[in-house]
file data01.txt (compact mmCIF, C-alpha atoms and all ligand atoms)
# COMPACT_ATOMS: atom_id res chain seq x y z
CA MET A 116 74.37 -38.52 -97.86
CA ILE A 117 73.40 -41.54 -99.89
CA GLY A 118 69.78 -42.59 -99.39
CA ALA A 119 69.02 -45.83 -97.54
CA LEU A 120 67.91 -47.65 -100.68
CA GLU A 121 70.94 -46.62 -102.71
CA LEU A 122 73.26 -47.58 -99.87
CA ARG A 123 71.61 -50.99 -99.63
CA GLU A 124 72.10 -51.51 -103.36
CA LEU A 125 75.74 -50.48 -103.15
CA ARG A 126 76.32 -52.78 -100.18
CA GLU A 127 74.79 -55.69 -102.06
CA GLU A 128 77.67 -55.47 -104.53
CA PHE A 129 80.01 -56.50 -101.69
CA PRO A 130 79.20 -60.07 -100.63
CA ALA A 131 81.59 -59.99 -97.65
CA LEU A 132 79.41 -57.34 -96.01
CA ASN A 133 76.53 -59.76 -95.85
CA GLN A 134 77.67 -61.84 -92.87
CA LYS A 135 77.57 -61.99 -89.13
CA VAL A 136 80.57 -61.92 -86.83
CA HIS A 137 80.01 -63.30 -83.33
CA GLY A 138 76.30 -63.36 -84.14
CA LEU A 139 76.11 -59.67 -85.11
CA PRO A 140 76.06 -58.06 -88.56
CA LEU A 141 79.59 -57.23 -89.64
CA ALA A 142 80.50 -53.54 -89.43
CA TYR A 143 83.63 -53.41 -91.57
CA LEU A 144 85.57 -50.32 -90.51
CA ASP A 145 89.04 -51.43 -91.60
CA ASN A 146 88.98 -50.06 -95.13
CA ALA A 147 92.27 -48.19 -94.83
CA ALA A 148 94.00 -51.55 -94.36
CA SER A 149 92.10 -53.17 -97.22
CA SER A 150 88.78 -52.42 -98.85
CA LEU A 151 86.29 -55.16 -99.70
CA THR A 152 85.79 -56.61 -103.16
CA PRO A 153 82.69 -56.14 -105.33
CA ARG A 154 81.03 -59.01 -107.21
CA SER A 155 82.24 -57.74 -110.61
CA VAL A 156 85.90 -58.02 -109.53
CA ILE A 157 85.34 -61.50 -108.09
CA ALA A 158 83.60 -62.45 -111.37
CA ALA A 159 86.55 -61.19 -113.43
CA LEU A 160 88.94 -63.34 -111.37
CA VAL A 161 86.72 -66.41 -111.76
CA HIS A 162 86.29 -65.77 -115.48
CA PHE A 163 90.04 -65.66 -115.97
CA TYR A 164 90.60 -68.93 -114.11
CA GLU A 165 87.70 -70.65 -115.89
CA HIS A 166 88.38 -69.44 -119.43
CA ASP A 167 91.63 -67.62 -120.11
CA ARG A 168 94.00 -69.31 -117.67
CA ALA A 169 97.40 -69.24 -119.37
CA ASN A 170 100.66 -67.33 -119.16
CA VAL A 171 100.97 -63.95 -120.85
CA HIS A 172 103.30 -62.63 -123.55
CA ARG A 173 105.08 -64.77 -126.16
CA GLY A 174 102.35 -67.45 -126.24
CA LEU A 175 100.91 -68.10 -129.68
CA HIS A 176 97.98 -70.21 -128.58
CA THR A 177 94.51 -68.78 -128.09
CA LEU A 178 94.39 -68.85 -124.30
CA SER A 179 97.76 -67.15 -123.94
CA MET A 180 96.77 -64.48 -126.43
CA ARG A 181 93.50 -63.91 -124.59
CA ALA A 182 95.28 -63.71 -121.24
CA THR A 183 97.79 -61.23 -122.71
CA GLN A 184 95.02 -59.13 -124.19
CA ARG A 185 93.15 -59.01 -120.88
CA TYR A 186 96.30 -58.25 -118.91
CA GLU A 187 97.23 -55.37 -121.24
CA ASP A 188 93.61 -54.13 -121.32
CA ALA A 189 93.74 -53.97 -117.53
CA ARG A 190 96.92 -51.89 -117.74
CA SER A 191 95.17 -49.45 -120.09
CA LYS A 192 92.20 -49.13 -117.73
CA VAL A 193 94.40 -48.49 -114.70
CA ALA A 194 96.58 -46.00 -116.60
CA GLN A 195 93.58 -44.11 -117.88
CA TRP A 196 92.01 -43.93 -114.41
CA PHE A 197 95.13 -42.26 -113.06
CA GLY A 198 95.78 -40.04 -116.06
CA VAL A 199 98.98 -41.66 -117.33
CA THR A 200 99.68 -43.66 -120.49
CA PRO A 201 99.76 -47.49 -120.47
CA GLU A 202 103.41 -47.21 -121.58
CA THR A 203 104.27 -45.58 -118.24
CA CYS A 204 102.10 -47.71 -115.93
CA ILE A 205 104.10 -50.54 -114.34
CA PHE A 206 102.24 -53.35 -112.60
CA THR A 207 103.76 -54.13 -109.21
CA SER A 208 102.62 -56.31 -106.34
CA GLY A 209 101.49 -53.14 -104.53
CA THR A 210 102.68 -49.86 -103.04
CA THR A 211 105.54 -51.48 -101.15
CA HIS A 212 106.94 -53.12 -104.29
CA ALA A 213 106.59 -49.84 -106.22
CA MET A 214 108.41 -47.97 -103.43
CA ASN A 215 111.20 -50.51 -103.52
CA ILE A 216 111.66 -50.08 -107.28
CA LEU A 217 111.99 -46.35 -106.65
CA ALA A 218 114.35 -46.77 -103.71
CA ASN A 219 116.44 -49.22 -105.72
CA SER A 220 116.65 -46.61 -108.48
CA PHE A 221 117.37 -43.50 -106.43
CA ALA A 222 118.58 -44.32 -102.91
CA MET A 223 122.24 -44.49 -103.93
CA ARG A 224 122.22 -41.40 -106.11
CA GLY A 225 122.94 -38.90 -103.35
CA HIS A 226 119.60 -37.09 -103.34
CA ASP A 227 118.43 -35.31 -100.23
CA ILE A 228 115.23 -37.18 -99.45
CA VAL A 229 112.31 -35.22 -98.01
CA VAL A 230 109.54 -37.15 -96.27
CA SER A 231 106.86 -36.30 -93.76
CA GLU A 232 106.89 -37.57 -90.20
CA SER A 233 103.70 -39.53 -90.82
CA GLU A 234 105.05 -41.72 -93.64
CA HIS A 235 104.23 -45.40 -93.81
CA HIS A 236 107.23 -47.68 -93.27
CA ALA A 237 107.09 -48.53 -96.98
CA ASN A 238 108.40 -45.02 -97.59
CA ILE A 239 111.07 -45.19 -94.90
CA ALA A 240 112.40 -48.73 -94.66
CA SER A 241 112.54 -49.19 -98.45
CA TRP A 242 115.09 -46.34 -98.69
CA GLN A 243 117.09 -47.80 -95.81
CA VAL A 244 117.11 -51.29 -97.38
CA HIS A 245 118.59 -49.86 -100.55
CA ASN A 246 120.93 -47.46 -98.76
CA PRO A 247 121.81 -48.40 -95.17
CA ASN A 248 123.14 -44.86 -94.58
CA GLN A 249 120.07 -43.09 -95.91
CA SER A 250 119.24 -39.87 -94.07
CA PHE A 251 115.99 -37.90 -94.38
CA HIS A 252 114.77 -34.34 -94.19
CA VAL A 253 111.60 -34.81 -92.18
CA ILE A 254 108.57 -32.49 -92.31
CA PRO A 255 107.42 -32.75 -88.67
CA PHE A 256 103.80 -33.46 -87.79
CA ASP A 257 102.37 -31.60 -84.83
CA GLU A 258 98.98 -32.49 -83.36
CA GLU A 259 98.07 -28.82 -82.89
CA LYS A 260 99.71 -27.15 -85.87
CA GLY A 261 99.62 -29.89 -88.49
CA TYR A 262 102.72 -30.24 -90.71
CA VAL A 263 105.40 -27.76 -89.70
CA PHE A 264 107.71 -26.26 -92.29
CA ASN A 265 109.71 -23.50 -90.63
CA THR A 266 112.49 -25.85 -89.51
CA LEU A 267 112.82 -27.47 -92.94
CA ASP A 268 116.03 -26.69 -94.80
CA VAL A 269 116.15 -28.56 -98.08
CA PRO A 270 118.70 -28.16 -100.87
CA SER A 271 117.39 -27.87 -104.43
CA GLU A 272 118.62 -31.30 -105.61
CA SER A 273 116.09 -32.99 -103.44
CA LEU A 274 113.77 -35.92 -103.85
CA LEU A 275 110.34 -35.54 -102.26
CA SER A 276 108.58 -38.74 -101.27
CA ILE A 277 105.29 -38.28 -99.45
CA GLN A 278 101.95 -39.91 -98.88
CA SER A 279 98.73 -38.33 -100.14
CA VAL A 280 96.91 -39.20 -96.91
CA ALA A 281 98.48 -40.34 -93.63
CA ASN A 282 97.24 -43.82 -92.81
CA GLY A 283 97.91 -43.23 -89.09
CA THR A 284 95.66 -40.16 -88.74
CA GLY A 285 93.79 -39.72 -92.05
CA ALA A 286 95.40 -36.27 -92.44
CA MET A 287 95.56 -35.08 -96.03
CA LEU A 288 99.03 -33.82 -96.85
CA PRO A 289 99.11 -30.08 -97.69
CA PHE A 290 100.75 -30.36 -101.13
CA GLU A 291 100.52 -26.66 -101.99
CA LYS A 292 102.35 -25.77 -98.80
CA ILE A 293 104.95 -28.49 -99.29
CA TYR A 294 105.73 -27.15 -102.76
CA GLU A 295 106.27 -23.69 -101.27
CA TYR A 296 109.18 -25.11 -99.29
CA VAL A 297 110.51 -27.88 -101.52
CA SER A 298 111.27 -27.72 -105.25
CA PRO A 299 112.22 -31.32 -105.82
CA ARG A 300 113.92 -32.69 -108.90
CA ILE A 301 112.05 -35.94 -108.36
CA SER A 302 108.76 -36.28 -106.50
CA ILE A 303 106.97 -39.42 -105.39
CA LEU A 304 103.39 -39.64 -104.20
CA ASP A 305 102.38 -42.65 -102.12
CA MET A 306 98.73 -42.78 -103.10
CA ALA A 307 97.85 -45.88 -101.08
CA GLN A 308 95.38 -44.08 -98.83
CA SER A 309 93.63 -41.85 -101.36
CA VAL A 310 92.87 -44.32 -104.17
CA ALA A 311 89.74 -45.71 -102.49
CA HIS A 312 88.05 -42.34 -102.53
CA GLY A 313 87.57 -41.72 -106.22
CA PRO A 314 89.58 -40.56 -109.21
CA THR A 315 93.02 -39.15 -108.48
CA ASP A 316 95.38 -38.00 -111.19
CA PHE A 317 98.52 -37.83 -109.24
CA TYR A 318 98.11 -34.29 -108.11
CA GLU A 319 97.71 -32.69 -111.48
CA ASN A 320 100.87 -34.35 -112.76
CA LYS A 321 103.20 -32.41 -110.48
CA PHE A 322 104.55 -35.72 -109.22
CA THR A 323 107.14 -37.72 -111.11
CA TYR A 324 105.98 -41.08 -109.73
CA GLY A 325 102.89 -42.46 -108.00
CA THR A 326 102.61 -45.71 -106.04
CA LEU A 327 99.44 -47.58 -105.11
CA SER A 328 97.82 -50.89 -104.20
CA ALA A 329 94.70 -52.33 -105.85
CA HIS A 330 93.49 -53.96 -102.62
CA LYS A 331 92.85 -50.51 -101.19
CA MET A 332 90.59 -49.61 -104.12
CA TYR A 333 88.22 -52.60 -104.25
CA GLY A 334 90.63 -54.71 -106.30
CA PRO A 335 92.49 -57.93 -105.51
CA THR A 336 95.50 -58.24 -103.21
CA GLY A 337 98.95 -58.81 -104.70
CA ILE A 338 98.69 -56.18 -107.42
CA GLY A 339 99.29 -52.45 -107.63
CA ALA A 340 101.05 -49.96 -109.80
CA LEU A 341 103.98 -47.63 -110.17
CA LEU A 342 102.91 -44.67 -112.29
CA CYS A 343 105.50 -42.60 -114.13
CA GLN A 344 104.82 -39.07 -115.27
CA ASP A 345 106.48 -39.67 -118.66
CA GLU A 346 108.89 -41.94 -120.52
CA ASN A 347 111.95 -40.13 -119.15
CA ALA A 348 110.76 -40.92 -115.65
CA LEU A 349 110.24 -44.56 -116.66
CA ASN A 350 113.68 -44.79 -118.24
CA ALA A 351 115.32 -43.45 -115.06
CA LEU A 352 114.24 -46.59 -113.16
CA ARG A 353 116.55 -49.52 -112.53
CA PRO A 354 115.13 -53.05 -112.58
CA LEU A 355 114.71 -54.38 -109.07
CA MET A 356 114.55 -57.96 -110.30
CA GLY A 357 116.05 -59.81 -113.23
CA GLY A 358 114.35 -62.71 -114.99
CA GLY A 359 111.97 -63.65 -117.74
CA ASP A 360 110.11 -61.00 -119.73
CA MET A 361 112.40 -58.11 -118.72
CA ILE A 362 115.24 -58.82 -121.13
CA ASP A 363 116.19 -58.07 -124.70
CA ARG A 364 119.17 -60.48 -125.11
CA VAL A 365 120.77 -62.70 -122.50
CA SER A 366 124.22 -64.27 -122.54
CA PHE A 367 126.66 -65.32 -119.83
CA ARG A 368 128.80 -62.36 -120.81
CA GLU A 369 126.15 -59.67 -120.61
CA THR A 370 122.43 -59.07 -120.76
CA SER A 371 120.51 -56.22 -122.31
CA PHE A 372 117.13 -55.30 -120.97
CA ALA A 373 113.73 -54.87 -122.58
CA LYS A 374 112.43 -51.39 -123.24
CA GLY A 375 109.39 -49.91 -121.55
CA VAL A 376 107.45 -51.25 -118.59
CA ALA A 377 108.55 -54.85 -119.32
CA ARG A 378 112.02 -53.98 -117.94
CA LEU A 379 110.41 -53.54 -114.50
CA GLU A 380 108.09 -56.56 -114.63
CA ALA A 381 110.35 -59.60 -114.37
CA GLY A 382 108.79 -63.06 -114.23
CA THR A 383 105.22 -64.25 -114.63
CA PRO A 384 103.06 -61.39 -113.40
CA ALA A 385 99.98 -61.56 -111.18
CA ILE A 386 97.82 -61.98 -114.30
CA ALA A 387 94.46 -62.70 -112.67
CA ASN A 388 95.00 -59.95 -110.12
CA ALA A 389 95.86 -57.42 -112.80
CA ILE A 390 92.66 -58.34 -114.64
CA GLY A 391 90.75 -58.00 -111.36
CA PHE A 392 92.40 -54.59 -110.87
CA GLY A 393 91.06 -53.55 -114.28
CA ALA A 394 87.60 -54.72 -113.20
CA ALA A 395 87.92 -52.64 -110.01
CA VAL A 396 88.60 -49.58 -112.15
CA ASP A 397 85.55 -50.43 -114.30
CA PHE A 398 83.52 -50.67 -111.08
CA MET A 399 84.81 -47.33 -109.78
CA LYS A 400 84.14 -45.63 -113.12
CA GLU A 401 80.43 -46.32 -112.80
CA LEU A 402 80.10 -44.59 -109.42
CA ASP A 403 79.10 -41.00 -108.72
CA TRP A 404 82.16 -39.94 -106.75
CA ALA A 405 80.98 -36.44 -105.88
CA LYS A 406 78.05 -38.03 -104.08
CA LEU A 407 80.07 -40.84 -102.52
CA ARG A 408 82.76 -38.48 -101.27
CA ALA A 409 80.08 -36.30 -99.68
CA HIS A 410 78.72 -39.44 -97.98
CA GLU A 411 82.19 -40.48 -96.79
CA ASN A 412 82.90 -36.99 -95.46
CA ALA A 413 79.58 -36.87 -93.66
CA LEU A 414 80.35 -40.26 -92.07
CA LEU A 415 83.75 -39.05 -90.91
CA THR A 416 82.35 -35.81 -89.49
CA TYR A 417 79.57 -37.69 -87.73
CA ALA A 418 81.98 -40.29 -86.36
CA ASP A 419 84.29 -37.53 -85.14
CA GLU A 420 81.41 -35.78 -83.33
CA GLN A 421 79.99 -38.96 -81.82
CA LEU A 422 83.23 -40.59 -80.75
CA SER A 423 84.46 -37.41 -79.11
CA LEU A 424 81.46 -37.80 -76.74
CA VAL A 425 82.84 -41.12 -75.46
CA PRO A 426 84.44 -40.48 -72.05
CA GLY A 427 88.23 -40.65 -72.18
CA LEU A 428 88.42 -40.93 -75.98
CA HIS A 429 91.01 -38.81 -77.77
CA ILE A 430 91.03 -38.42 -81.56
CA PHE A 431 94.26 -37.61 -83.46
CA GLY A 432 94.87 -35.48 -86.54
CA ARG A 433 92.00 -33.08 -86.01
CA SER A 434 94.03 -30.02 -86.95
CA LEU A 435 94.03 -31.10 -90.61
CA LYS A 436 91.46 -32.05 -93.20
CA ARG A 437 91.12 -35.82 -93.04
CA GLN A 438 90.04 -38.51 -95.45
CA GLY A 439 88.49 -41.83 -94.52
CA VAL A 440 90.31 -42.41 -91.22
CA LEU A 441 89.56 -41.78 -87.57
CA SER A 442 92.47 -42.58 -85.28
CA PHE A 443 91.96 -42.56 -81.54
CA VAL A 444 92.88 -43.90 -78.12
CA LEU A 445 90.69 -44.62 -75.15
CA GLU A 446 92.32 -43.41 -71.95
CA GLY A 447 93.19 -46.11 -69.42
CA THR A 448 92.78 -48.97 -71.91
CA HIS A 449 95.08 -50.90 -74.21
CA THR A 450 94.25 -50.48 -77.90
CA SER A 451 94.43 -54.20 -78.63
CA ASP A 452 92.01 -55.00 -75.76
CA VAL A 453 89.54 -52.50 -77.21
CA ALA A 454 89.91 -53.87 -80.76
CA THR A 455 89.41 -57.45 -79.55
CA LEU A 456 86.26 -56.45 -77.70
CA LEU A 457 84.98 -54.46 -80.68
CA ASP A 458 85.29 -57.64 -82.72
CA ARG A 459 82.92 -59.30 -80.23
CA PHE A 460 80.42 -56.58 -81.20
CA GLY A 461 80.92 -57.50 -84.88
CA ILE A 462 82.97 -54.36 -85.51
CA ALA A 463 86.26 -54.59 -87.44
CA VAL A 464 88.81 -51.84 -86.75
CA ARG A 465 92.60 -51.84 -86.83
CA THR A 466 94.93 -51.31 -83.94
CA GLY A 467 98.65 -50.79 -83.46
CA HIS A 468 101.27 -48.52 -84.96
CA HIS A 469 99.78 -48.75 -88.48
CA CYS A 470 103.30 -49.16 -89.93
CA ALA A 471 103.96 -45.54 -88.94
CA GLN A 472 106.15 -45.81 -85.85
CA PRO A 473 107.78 -42.36 -86.21
CA LEU A 474 104.29 -40.81 -86.29
CA MET A 475 103.21 -42.78 -83.21
CA GLU A 476 106.34 -41.59 -81.42
CA SER A 477 105.54 -37.98 -82.23
CA LEU A 478 101.96 -38.50 -80.99
CA GLY A 479 103.38 -39.95 -77.78
CA VAL A 480 101.58 -43.31 -78.12
CA SER A 481 102.65 -46.82 -79.04
CA GLY A 482 99.57 -47.27 -81.18
CA THR A 483 96.03 -46.13 -81.84
CA LEU A 484 92.68 -47.62 -82.75
CA ARG A 485 91.71 -46.81 -86.30
CA ALA A 486 88.21 -46.85 -87.74
CA SER A 487 88.33 -46.29 -91.50
CA PHE A 488 85.42 -45.73 -93.83
CA ALA A 489 84.45 -46.56 -97.36
CA PHE A 490 81.37 -45.35 -99.25
CA TYR A 491 79.48 -48.52 -98.28
CA ASN A 492 79.61 -47.70 -94.56
CA SER A 493 76.59 -46.27 -92.80
CA ILE A 494 75.60 -43.93 -90.00
CA GLU A 495 74.16 -46.97 -88.15
CA GLU A 496 77.61 -48.56 -88.14
CA VAL A 497 79.09 -45.40 -86.61
CA ASP A 498 76.34 -45.47 -83.96
CA ARG A 499 77.17 -49.10 -83.21
CA LEU A 500 80.85 -48.21 -82.90
CA LYS A 501 80.09 -45.41 -80.47
CA LYS A 502 77.76 -47.54 -78.35
CA ALA A 503 80.27 -50.38 -78.22
CA LEU A 504 83.08 -47.99 -77.23
CA VAL A 505 80.98 -46.55 -74.41
CA LYS A 506 80.35 -50.09 -73.09
CA ILE A 507 83.96 -51.16 -73.52
CA SER A 508 85.17 -47.99 -71.84
CA LYS A 509 82.97 -48.75 -68.82
CA MET A 510 84.10 -52.39 -68.71
CA LEU A 511 87.83 -51.74 -69.03
CA ARG A 512 88.01 -48.63 -66.91
CA ALA A 513 85.80 -49.98 -64.10
N1 LIG B 1 101.61 -46.44 -97.83
C1 LIG B 1 100.49 -46.18 -97.14
C2 LIG B 1 100.13 -44.76 -96.84
C3 LIG B 1 99.70 -47.24 -96.70
O1 LIG B 1 98.58 -46.97 -96.01
C4 LIG B 1 100.07 -48.56 -97.02
C5 LIG B 1 99.23 -49.73 -96.55
N2 LIG B 1 98.80 -49.64 -95.23
C6 LIG B 1 101.23 -48.77 -97.76
C7 LIG B 1 101.98 -47.68 -98.14
C8 LIG B 1 101.69 -50.14 -98.13
O2 LIG B 1 100.77 -50.75 -98.98
P1 LIG B 1 100.92 -52.30 -99.35
O3 LIG B 1 101.05 -53.03 -98.06
O4 LIG B 1 99.64 -52.60 -100.08
O5 LIG B 1 102.12 -52.43 -100.21
call {"tool": "encode", "arguments": {"input": "data01.txt", "output": "structure tokens", "more": "lines below"}}
Ligand code: PMP
result
Amino acid sequence: MIGALELRELREEFPALNQKVHGLPLAYLDNAASSLTPRSVIAALVHFYEHDRANVHRGLHTLSMRATQRYEDARSKVAQWFGVTPETCIFTSGTTHAMNILANSFAMRGHDIVVSESEHHANIASWQVHNPNQSFHVIPFDEEKGYVFNTLDVPSESLLSIQSVANGTGAMLPFEKIYEYVSPRISILDMAQSVAHGPTDFYENKFTYGTLSAHKMYGPTGIGALLCQDENALNALRPLMGGGDMIDRVSFRETSFAKGVARLEAGTPAIANAIGFGAAVDFMKELDWAKLRAHENALLTYADEQLSLVPGLHIFGRSLKRQGVLSFVLEGTHTSDVATLLDRFGIAVRTGHHCAQPLMESLGVSGTLRASFAFYNSIEEVDRLKKALVKISKMLRA
């Protein structure tokens, strides 16, 4: 665990933590939806708007050149963090946008698409938007057994598109096992839920593409990335949008497209957000992730132990190793009532289907409560959550 002093210092980097909600100190346990932002990222955003505020690329004046330099520096930082080259790191507005570029590129190419039952809607609906007749080979999720493979029958020309961690349960996907059953030609890793927890090269480069959002790794909203394993993978992508910056030559007869990542980044990008994303990577680089992960795991284990003592509380996903997320229901109560009451105790959790309706259906619930942890959370916050749940349980079940 992190010592009290060190934790206090880490927490001081996050100004949003230093506030009261309904008169009580905020316990922010909604990190899987969006993590908070450290001072250095906020400072990078302010610096851009105060000093370098101009459009990128093609500008010959000082501010535009500075903005371009900072935008491209941010790309290099992000690429390096994830173990790809800047030439194969596309800035997107987030995971959803990245998934839609992929679906736009591959949904109509006749691949058999393999997904898990716990996928986020970004990895289901995006395929259906780009191919209304899309069918899936689904790796079922079973509460007792975890992911189940013996019913999976996948042809070799398949495309695997899976999350690293299920946002509905926190379950870590068993990649080794998946690769025993599927030998995909193309593989996509939705990294949205793992990026907050330290360095991830996208599973030792076995994946062809990786998708992620900066707001889940202490960066700004509205920015993320689509990582490509190599230039061939990049060149296989079709532009999702046409417009400025993504072209080579335009005429009314025909248009040729730019080479490289520019082809996938039409229009004025989220410049400040990209720079803030780079600052988030700088922030993460300075941290001791072995120690922070141990702290996060200890928090999750403690929360699991403590919450399971609350009468009528059922926790999901316990059959698998989990990361960052505790998903549960409280018998005889409605999840949104519980979440609203938790807010009155200053505790922020998420409730609902977590954009994973097929998973909820397989769990036999319409939604769950989800407490999700970052390294800046504390044992005291878990204790407060437990105490509040005991009180709420008594109130609602009386
Ligand atoms: N995939 C997973 C596993 C997620 O948890 C999320 C966000 N909840 C997304 C995709 C979508 O991310 P965004 O909304 O940032 O595009």
call {"tool": "closest_atom_pairs", "arguments": {"input": "data01.txt", "of": "range 125-157 of chain A", "to": "range 474-497 of chain A", "cutoff": "6 Å", "atoms": "only C-alpha atoms", "output": "JSON lines"}}
result
{"residue": "A:Arg126", "atom": "CA", "partner": "A:Tyr491", "partner_atom": "CA", "distance": 5.6}
{"residue": "A:Ala142", "atom": "CA", "partner": "A:Glu496", "partner_atom": "CA", "distance": 5.9}
{"residue": "A:Leu144", "atom": "CA", "partner": "A:Ser487", "partner_atom": "CA", "distance": 5.0}
{"residue": "A:Asp145", "atom": "CA", "partner": "A:Ser487", "partner_atom": "CA", "distance": 5.2}
{"residue": "A:Asn146", "atom": "CA", "partner": "A:Ser487", "partner_atom": "CA", "distance": 5.3}
{"residue": "A:Ala147", "atom": "CA", "partner": "A:Ser487", "partner_atom": "CA", "distance": 5.5}
call {"tool": "residues_around", "arguments": {"input": "data01.txt", "residues": "range 222-231 of chain A", "least_positions_apart": "6", "cutoff": "7 Å", "atoms": "all atoms listed in the file", "output": "count of residues only"}}
result
14
call {"tool": "closest_residue", "arguments": {"input": "data01.txt", "among": "A:Asn248, A:Ser271, A:Ser328, A:Thr466", "to": "Arg300 in chain A", "atoms": "all atoms listed in the file"}}
result
A:Ser271
call {"tool": "residues_around", "arguments": {"input": "data01.txt", "residues": "His410 in chain A", "least_positions_apart": "3", "cutoff": "12 Å", "atoms": "all atoms listed in the file", "output": "ChimeraX atom specification"}}
result
/A:116-119,121-122,312,403-407,413-417,438-439,488-494
call {"tool": "residues_near_ligand", "arguments": {"input": "data01.txt", "ligand": "ligand LIG 1 (chain B)", "cutoff": "10 Å", "atoms": "only C-alpha atoms and all ligand atoms", "output": "MDAnalysis selection string"}}
result
chainID A and resid 146:149 207:215 233:239 277:283 285 304:309 326:331 336:340 469:471
call {"tool": "residues_around", "arguments": {"input": "data01.txt", "residues": "Gly391 in chain A", "least_positions_apart": "4", "cutoff": "7 Å", "atoms": "only C-alpha atoms", "output": "short mmCIF file (atom, residue, chain, number, x, y, z; two decimals) with C-alpha atoms, keeping the file's coordinate frame"}}
result
data_model
loop_
_atom_site.label_atom_id
_atom_site.label_comp_id
_atom_site.auth_asym_id
_atom_site.auth_seq_id
_atom_site.Cartn_x
_atom_site.Cartn_y
_atom_site.Cartn_z
CA VAL A 156 85.90 -58.02 -109.53
CA ALA A 159 86.55 -61.19 -113.43
CA LEU A 160 88.94 -63.34 -111.37
CA GLY A 334 90.63 -54.71 -106.30
CA PRO A 335 92.49 -57.93 -105.51
CA ALA A 387 94.46 -62.70 -112.67
CA ALA A 395 87.92 -52.64 -110.01
#
call {"tool": "residues_around", "arguments": {"input": "data01.txt", "residues": "Ser191 in chain A", "least_positions_apart": "3", "cutoff": "9 Å", "atoms": "all atoms listed in the file", "output": "list of chain:residue names"}}
result
A:Tyr186, A:Glu187, A:Asp188, A:Ala194, A:Gln195, A:Trp196, A:Thr200, A:Pro201, A:Glu202, A:Cys204, A:Gly393
call {"tool": "atom_distance", "arguments": {"input": "data01.txt", "atom1": "CA of Val263 in chain A", "atom2": "CA of Leu428 in chain A"}}
result
25.5 Å
call {"tool": "closest_residue", "arguments": {"input": "data01.txt", "among": "A:Met180, A:Leu500, A:Ile216, A:Met332", "to": "Ser150 in chain A", "atoms": "all atoms listed in the file"}}
result
A:Met332
call {"tool": "build_atoms", "arguments": {"input": "data01.txt", "residues": "range 451-462 of chain A", "atoms": "N, CA and C atoms", "output": "CSV table (one decimal), in the coordinates of the input"}}
result
chain,number,residue,atom,x,y,z
A,451,SER,N,94.8,-52.9,-78.1
A,451,SER,CA,94.4,-54.2,-78.6
A,451,SER,C,93.3,-54.8,-77.8
A,452,ASP,N,93.2,-54.5,-76.5
A,452,ASP,CA,92.0,-55.0,-75.8
A,452,ASP,C,90.7,-54.4,-76.4
A,453,VAL,N,90.7,-53.1,-76.7
A,453,VAL,CA,89.5,-52.5,-77.2
A,453,VAL,C,89.2,-53.1,-78.6
A,454,ALA,N,90.2,-53.3,-79.4
A,454,ALA,CA,89.9,-53.9,-80.8
A,454,ALA,C,89.4,-55.3,-80.7
A,455,THR,N,89.9,-56.1,-79.7
A,455,THR,CA,89.4,-57.4,-79.6
A,455,THR,C,88.0,-57.4,-79.1
A,456,LEU,N,87.7,-56.5,-78.2
A,456,LEU,CA,86.3,-56.4,-77.7
A,456,LEU,C,85.3,-55.9,-78.8
A,457,LEU,N,85.8,-55.0,-79.6
A,457,LEU,CA,85.0,-54.5,-80.7
A,457,LEU,C,84.6,-55.6,-81.6
A,458,ASP,N,85.6,-56.5,-81.9
A,458,ASP,CA,85.3,-57.6,-82.7
A,458,ASP,C,84.1,-58.5,-82.2
A,459,ARG,N,84.0,-58.6,-80.8
A,459,ARG,CA,82.9,-59.3,-80.2
A,459,ARG,C,81.6,-58.6,-80.5
A,460,PHE,N,81.6,-57.3,-80.8
A,460,PHE,CA,80.4,-56.6,-81.2
A,460,PHE,C,80.2,-56.6,-82.7
A,461,GLY,N,81.0,-57.4,-83.4
A,461,GLY,CA,80.9,-57.5,-84.9
A,461,GLY,C,81.6,-56.3,-85.6
A,462,ILE,N,82.4,-55.6,-84.9
A,462,ILE,CA,83.0,-54.4,-85.5
A,462,ILE,C,84.5,-54.6,-85.8
